Amino acid sequence: MEFIQQNILLVAVAVVSGAMLLALSVRRPGGAHSLTPTQATLLINRENAQLIDIREPNEYVSGHLCDSRNIPSESLAERAGELAQFKDTPLILVCQSGARASSACSTLAKLGFSKVHSLEGGTVAWVEAGLPLKKGTRK
């Protein structure tokens, strides 16, 4: 008890850092709606999930998931009408690392899309999982 009283700052730092580590391990890294490449593949095959690549056109052309549509994140809200037919279909948003896709999920959820997911780790994780990318034109 005397140690704690003499080193209250050290103890406080240890308790706070322990609480933060616990919170991060309980919470999924990409949020509640993120999918690993394996989970995404299963959702595509089982529920005909649609892939939306929210990267810039030059990033998309350099390598994208097969059958994905390119709608850059900046114009996602404006072009949401193009996705209206998929309001109740699972949508998987893809970016380079997963960061942009997580915030884009919120945008589509506010617009009434009920099954929106992000690809955890983005195209980087997709390639690391040994899955193919297609190069070339925009869809």
# chains A, B, ... in the order shown; residues from 1 in each chain; ligands from 1
call {"tool": "residues_around", "arguments": {"residues": "Cys95 of chain A", "least_positions_apart": "4", "cutoff": "12 Å", "atoms": "only C-alpha atoms", "output": "ChimeraX atom specification"}}
result
/A:51-57,59-60,63-65,68-73,99-105,117-126
call {"tool": "write_last_selection", "arguments": {"atoms": "N, CA, C and O atoms", "output": "compact mmCIF listing (two decimals), in the first residue's frame"}}
result
# COMPACT_ATOMS: atom_id res chain seq x y z
N LEU A 51 -19.32 -5.85 -54.32
CA LEU A 51 -18.06 -5.21 -53.95
C LEU A 51 -18.02 -3.79 -54.48
O LEU A 51 -18.21 -3.57 -55.68
N ILE A 52 -17.76 -2.84 -53.59
CA ILE A 52 -17.64 -1.44 -53.97
C ILE A 52 -16.24 -0.97 -53.59
O ILE A 52 -15.89 -0.93 -52.41
N ASP A 53 -15.43 -0.66 -54.59
CA ASP A 53 -14.07 -0.18 -54.36
C ASP A 53 -14.13 1.33 -54.27
O ASP A 53 -14.50 2.01 -55.23
N ILE A 54 -13.80 1.88 -53.11
CA ILE A 54 -13.96 3.32 -52.89
C ILE A 54 -12.65 4.09 -53.07
O ILE A 54 -12.56 5.25 -52.71
N ARG A 55 -11.67 3.45 -53.69
CA ARG A 55 -10.40 4.13 -53.95
C ARG A 55 -10.53 5.04 -55.17
O ARG A 55 -11.50 4.98 -55.92
N GLU A 56 -9.52 5.85 -55.37
CA GLU A 56 -9.49 6.73 -56.54
C GLU A 56 -9.34 5.89 -57.81
O GLU A 56 -8.80 4.78 -57.76
N PRO A 57 -9.80 6.39 -58.96
CA PRO A 57 -9.74 5.62 -60.20
C PRO A 57 -8.35 5.09 -60.56
O PRO A 57 -8.22 3.96 -61.02
N GLU A 59 -5.98 4.25 -58.49
CA GLU A 59 -5.69 3.13 -57.59
C GLU A 59 -6.46 1.88 -58.04
O GLU A 59 -5.95 0.78 -58.02
N TYR A 60 -7.71 2.10 -58.44
CA TYR A 60 -8.58 1.00 -58.87
C TYR A 60 -7.99 0.29 -60.09
O TYR A 60 -7.93 -0.93 -60.14
N GLY A 63 -5.13 -2.26 -59.70
CA GLY A 63 -5.44 -3.58 -59.16
C GLY A 63 -6.64 -3.54 -58.24
O GLY A 63 -6.65 -2.81 -57.26
N HIS A 64 -7.69 -4.30 -58.60
CA HIS A 64 -8.93 -4.30 -57.82
C HIS A 64 -9.50 -5.71 -57.73
O HIS A 64 -9.11 -6.60 -58.49
N LEU A 65 -10.42 -5.90 -56.81
CA LEU A 65 -11.09 -7.19 -56.66
C LEU A 65 -11.99 -7.40 -57.87
O LEU A 65 -12.62 -6.46 -58.37
N SER A 68 -15.72 -5.79 -58.82
CA SER A 68 -15.99 -4.65 -57.95
C SER A 68 -16.31 -3.42 -58.79
O SER A 68 -15.84 -3.28 -59.92
N ARG A 69 -17.15 -2.55 -58.22
CA ARG A 69 -17.49 -1.27 -58.86
C ARG A 69 -16.64 -0.19 -58.23
O ARG A 69 -16.42 -0.22 -57.03
N ASN A 70 -16.21 0.77 -59.02
CA ASN A 70 -15.40 1.86 -58.48
C ASN A 70 -16.26 3.09 -58.27
O ASN A 70 -16.76 3.69 -59.21
N ILE A 71 -16.46 3.43 -56.99
CA ILE A 71 -17.13 4.67 -56.61
C ILE A 71 -16.24 5.31 -55.55
O ILE A 71 -16.24 4.87 -54.40
N PRO A 72 -15.44 6.32 -55.93
CA PRO A 72 -14.53 6.94 -54.96
C PRO A 72 -15.27 7.44 -53.71
O PRO A 72 -16.42 7.88 -53.79
N SER A 73 -14.61 7.36 -52.57
CA SER A 73 -15.25 7.69 -51.30
C SER A 73 -15.78 9.12 -51.26
O SER A 73 -16.82 9.37 -50.64
N ALA A 99 -9.06 1.63 -43.81
CA ALA A 99 -9.40 2.83 -43.05
C ALA A 99 -10.52 3.64 -43.71
O ALA A 99 -11.48 4.02 -43.04
N ARG A 100 -10.41 3.92 -44.99
CA ARG A 100 -11.44 4.69 -45.69
C ARG A 100 -12.75 3.93 -45.75
O ARG A 100 -13.83 4.52 -45.66
N ALA A 101 -12.67 2.62 -45.90
CA ALA A 101 -13.89 1.81 -46.02
C ALA A 101 -14.71 1.84 -44.73
O ALA A 101 -15.94 1.86 -44.78
N SER A 102 -14.06 1.88 -43.59
CA SER A 102 -14.78 1.92 -42.32
C SER A 102 -15.63 3.18 -42.21
O SER A 102 -16.78 3.13 -41.81
N SER A 103 -15.06 4.33 -42.58
CA SER A 103 -15.83 5.57 -42.51
C SER A 103 -16.90 5.62 -43.60
O SER A 103 -17.98 6.17 -43.39
N ALA A 104 -16.62 5.03 -44.75
CA ALA A 104 -17.62 5.01 -45.83
C ALA A 104 -18.81 4.14 -45.46
O ALA A 104 -19.94 4.40 -45.90
N CYS A 105 -18.60 3.13 -44.63
CA CYS A 105 -19.72 2.29 -44.15
C CYS A 105 -20.74 3.15 -43.41
O CYS A 105 -21.95 2.97 -43.58
N HIS A 117 -20.54 -3.58 -45.05
CA HIS A 117 -19.35 -4.12 -44.40
C HIS A 117 -18.11 -3.49 -45.03
O HIS A 117 -18.16 -3.02 -46.16
N SER A 118 -17.02 -3.52 -44.31
CA SER A 118 -15.74 -3.09 -44.89
C SER A 118 -14.80 -4.29 -44.90
O SER A 118 -14.89 -5.17 -44.05
N LEU A 119 -13.92 -4.30 -45.87
CA LEU A 119 -12.91 -5.36 -45.96
C LEU A 119 -11.76 -4.97 -45.04
O LEU A 119 -11.05 -4.00 -45.28
N GLU A 120 -11.62 -5.71 -43.95
CA GLU A 120 -10.58 -5.45 -42.96
C GLU A 120 -9.21 -5.62 -43.61
O GLU A 120 -8.90 -6.66 -44.16
N GLY A 121 -8.42 -4.56 -43.59
CA GLY A 121 -7.09 -4.62 -44.20
C GLY A 121 -7.08 -4.26 -45.68
O GLY A 121 -6.02 -4.18 -46.28
N GLY A 122 -8.26 -4.08 -46.29
CA GLY A 122 -8.37 -3.66 -47.68
C GLY A 122 -7.72 -4.60 -48.68
O GLY A 122 -7.59 -5.80 -48.43
N THR A 123 -7.31 -4.03 -49.80
CA THR A 123 -6.71 -4.85 -50.85
C THR A 123 -5.37 -5.44 -50.41
O THR A 123 -4.97 -6.50 -50.89
N VAL A 124 -4.72 -4.79 -49.46
CA VAL A 124 -3.45 -5.31 -48.94
C VAL A 124 -3.70 -6.67 -48.28
O VAL A 124 -3.00 -7.65 -48.55
N ALA A 125 -4.73 -6.76 -47.43
CA ALA A 125 -5.05 -8.02 -46.77
C ALA A 125 -5.53 -9.06 -47.78
O ALA A 125 -5.26 -10.25 -47.64
N TRP A 126 -6.25 -8.60 -48.80
CA TRP A 126 -6.76 -9.50 -49.84
C TRP A 126 -5.59 -10.20 -50.54
O TRP A 126 -5.59 -11.41 -50.73
call {"tool": "select_by_dssp", "arguments": {"residues": "chain A", "states": "strand (DSSP E)", "output": "PyMOL selection string"}}
result
chain A and resi 34-35+50-53+69-70+91-94+116-119
call {"tool": "atom_distance", "arguments": {"atom1": "atom CA of Ala84 of chain A", "atom2": "atom CA of Ile44 of chain A"}}
result
18.3 Å
call {"tool": "residues_around", "arguments": {"residues": "Cys66 of chain A", "least_positions_apart": "3", "cutoff": "8 Å", "atoms": "only C-alpha atoms", "output": "VMD selection string"}}
result
chain A and resid 132 to 134
call {"tool": "write_last_selection", "arguments": {"atoms": "N, CA and C atoms", "output": "CSV table (one decimal), in the first residue's frame"}}
result
chain,number,residue,atom,x,y,z
A,132,PRO,N,-6.8,-13.1,-55.7
A,132,PRO,CA,-6.4,-12.4,-56.9
A,132,PRO,C,-6.9,-11.0,-57.0
A,133,LEU,N,-6.2,-10.1,-57.7
A,133,LEU,CA,-6.6,-8.8,-58.1
A,133,LEU,C,-6.7,-8.8,-59.6
A,134,LYS,N,-7.6,-7.9,-60.1
A,134,LYS,CA,-7.7,-7.7,-61.6
A,134,LYS,C,-7.2,-6.3,-61.9
call {"tool": "select_by_dssp", "arguments": {"residues": "segment 22-131 of chain A", "states": "alpha helix (DSSP H)", "output": "ChimeraX atom specification"}}
result
/A:22-26,37-47,57-62,99-110,122-128
call {"tool": "residues_around", "arguments": {"residues": "Phe86 of chain A", "least_positions_apart": "3", "cutoff": "8 Å", "atoms": "only C-alpha atoms", "output": "list in words"}}
result
Gln50, Leu83, Thr89, Pro90, Leu91 and Phe113 of chain A
call {"tool": "write_last_selection", "arguments": {"atoms": "C-alpha atoms", "output": "PDB file, in the first residue's frame"}}
result
ATOM      1  CA  GLN A  50     -21.591  -6.613 -54.033  1.00  0.00           C
ATOM      2  CA  LEU A  83     -26.500   1.383 -55.459  1.00  0.00           C
ATOM      3  CA  THR A  89     -28.020  -6.818 -50.372  1.00  0.00           C
ATOM      4  CA  PRO A  90     -24.711  -7.120 -48.533  1.00  0.00           C
ATOM      5  CA  LEU A  91     -22.220  -4.488 -49.700  1.00  0.00           C
ATOM      6  CA  PHE A 113     -28.187   0.635 -46.593  1.00  0.00           C
TER       7      PHE A 113
END
